[in-house]
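What follows is a single structure, written as structure tokens, with notes after it.
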Amino acid sequence: QVQLVESGGGLVQAGGSLRLSCAASGRTFRSYAMAWFRQAPGKEREFVVAISWSGVSTYYADSVKGRFTISRDNAKNTATLQMSSLKPEDTAVYYCAATYTTTEVISRMTRMLQYDYWGQGTQVTVSS
């Protein structure tokens, strides 16, 4: 069982930066792929980025490529999403997700149903 807790959301002006963190419980964190999804008001939850268990492989949605960076620290059981050049359309609740897999083909891990564990979400609001 893995429990995920997100933090770091808030209000920022367009062009600004925020860093989200996802703290995971459980000793086998290193065996889990991690991802961030987001859900804007009135919209479906969408994939943002994923990182493999080793941290070697990452995959980004086109909408955030070049602006967001995901990383993980398996020793600290944390995953971090650094968001830069934020836009009003990035406004959403951001969710951390995890699933037990050691695949490095992380580009295939973009669907919600592939993830077994979810955090409660953290609000990110970007003002124009």
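Starting from 1 in every chain, residues are counted up; chains themselves are A, B, ... following the order of the structure tokens, and ligands are numbered from 1 as listed.
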
Backbone-only DSSP, helix (DSSP H, G or I) members of chain A, as a ChimeraX atom specification: /A:29-31,88-90,106-108,112-114

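In this comparison, which uses only C-alpha atoms, the residue of A:Val126, A:Ala92, A:Tyr100, A:Ser84 approaching Leu18 of chain A most closely is A:Ser84.
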
Tyr60 of chain A surroundings by only C-alpha atoms, 7 Å radius, close-in-sequence under 2 positions cut, as a PyMOL selection string: chain A and resi 48-50+58+62+64-65

Go ahead and write the selection's residues with all heavy atoms as an mmCIF file, in the first residue's frame.
data_model
loop_
_atom_site.group_PDB
_atom_site.id
_atom_site.type_symbol
_atom_site.label_atom_id
_atom_site.label_comp_id
_atom_site.auth_asym_id
_atom_site.auth_seq_id
_atom_site.Cartn_x
_atom_site.Cartn_y
_atom_site.Cartn_z
ATOM 1 N N VAL A 48 -0.111 14.861 -17.261
ATOM 2 C CA VAL A 48 0.857 15.954 -17.339
ATOM 3 C C VAL A 48 2.265 15.414 -17.597
ATOM 4 O O VAL A 48 2.935 15.820 -18.546
ATOM 5 C CB VAL A 48 0.862 16.792 -16.046
ATOM 6 C CG1 VAL A 48 1.936 17.875 -16.115
ATOM 7 C CG2 VAL A 48 -0.511 17.412 -15.802
ATOM 8 N N VAL A 49 2.702 14.500 -16.747
ATOM 9 C CA VAL A 49 4.065 13.998 -16.857
ATOM 10 C C VAL A 49 4.198 12.720 -16.052
ATOM 11 O O VAL A 49 3.469 12.501 -15.075
ATOM 12 C CB VAL A 49 5.081 15.054 -16.362
ATOM 13 C CG1 VAL A 49 4.831 15.410 -14.901
ATOM 14 C CG2 VAL A 49 6.526 14.594 -16.554
ATOM 15 N N ALA A 50 5.117 11.855 -16.468
ATOM 16 C CA ALA A 50 5.409 10.621 -15.735
ATOM 17 C C ALA A 50 6.911 10.426 -15.652
ATOM 18 O O ALA A 50 7.665 10.911 -16.504
ATOM 19 C CB ALA A 50 4.754 9.424 -16.403
ATOM 20 N N THR A 58 11.493 9.884 -18.516
ATOM 21 C CA THR A 58 10.386 10.798 -18.250
ATOM 22 C C THR A 58 9.593 11.007 -19.537
ATOM 23 O O THR A 58 10.101 10.774 -20.643
ATOM 24 C CB THR A 58 10.884 12.171 -17.752
ATOM 25 O OG1 THR A 58 11.775 12.731 -18.727
ATOM 26 C CG2 THR A 58 11.604 12.047 -16.419
ATOM 27 N N ASP A 62 2.523 17.399 -24.308
ATOM 28 C CA ASP A 62 3.017 18.474 -25.175
ATOM 29 C C ASP A 62 2.750 19.854 -24.568
ATOM 30 O O ASP A 62 3.539 20.783 -24.755
ATOM 31 C CB ASP A 62 2.354 18.378 -26.546
ATOM 32 C CG ASP A 62 2.881 17.205 -27.360
ATOM 33 O OD1 ASP A 62 3.963 16.679 -27.028
ATOM 34 O OD2 ASP A 62 2.213 16.815 -28.335
ATOM 35 N N VAL A 64 3.028 20.934 -21.660
ATOM 36 C CA VAL A 64 3.936 21.372 -20.594
ATOM 37 C C VAL A 64 5.394 21.150 -20.934
ATOM 38 O O VAL A 64 6.282 21.548 -20.165
ATOM 39 C CB VAL A 64 3.602 20.669 -19.258
ATOM 40 C CG1 VAL A 64 2.135 20.865 -18.901
ATOM 41 C CG2 VAL A 64 3.947 19.183 -19.308
ATOM 42 N N LYS A 65 5.651 20.532 -22.055
ATOM 43 C CA LYS A 65 7.023 20.217 -22.436
ATOM 44 C C LYS A 65 7.851 21.491 -22.530
ATOM 45 O O LYS A 65 7.437 22.469 -23.127
ATOM 46 C CB LYS A 65 7.009 19.476 -23.768
ATOM 47 C CG LYS A 65 8.265 18.681 -24.067
ATOM 48 C CD LYS A 65 8.078 17.856 -25.337
ATOM 49 C CE LYS A 65 6.986 16.817 -25.177
ATOM 50 N NZ LYS A 65 6.842 15.963 -26.379
#

Nearest candidate to Ala61 of chain A (options A:Lys87, A:Arg19, A:Arg111, A:Lys76; using only C-alpha atoms):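 Residue with the minimum atom-to-atom distance to Ala61 of chain A: A:Arg111.
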
Between atom CA of Pro88 of chain A and atom CA of Ser127 of chain A - distance in Å to one decimal: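 These two atoms are separated by 5.7 Å.
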
Of the listed residues A:Leu86, A:Ser31, A:Phe47, A:Ser54, that which approaches Thr99 of chain A most closely, counting only C-alpha atoms: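 Selected residue with least distance to Thr99 of chain A: A:Ser31.
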
Contacts of segment 51-53 of chain A within 6 Å, only C-alpha atoms, excl. fewer than 4 positions in-chain, as a PyMOL selection string: chain A and resi 30-34+57-58+102+104+106

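Near segment 77-79 of chain A, within 10 Å and counting only C-alpha atoms, sit Leu4, Val5, Glu6, Leu20, Ser21, Cys22, Ala23, Ala24, Ser25, Gly26, Arg27, Thr28, Phe29, Arg30, Met34, Ala35, Trp36, Ile51, Gly55, Ile70, Ser71, Arg72, Asp73 and Cys96 of chain A; same-chain residues fewer than 4 positions away were not included.
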
Residue neighbourhood Met112 of chain A, 10 Å, only C-alpha atoms, exclusion window fewer than 4 positions, as a list of chain:residue names: A:Ala35, A:Trp36, A:Phe37, A:Arg45, A:Glu46, A:Phe47, A:Ala97, A:Ala98, A:Asp116, A:Tyr117, A:Trp118

Residue list (strand (DSSP E), DSSP) for segment 57-121 of chain A, as a ChimeraX atom specification: /A:58-60,68-73,78-83,92-100,117-118
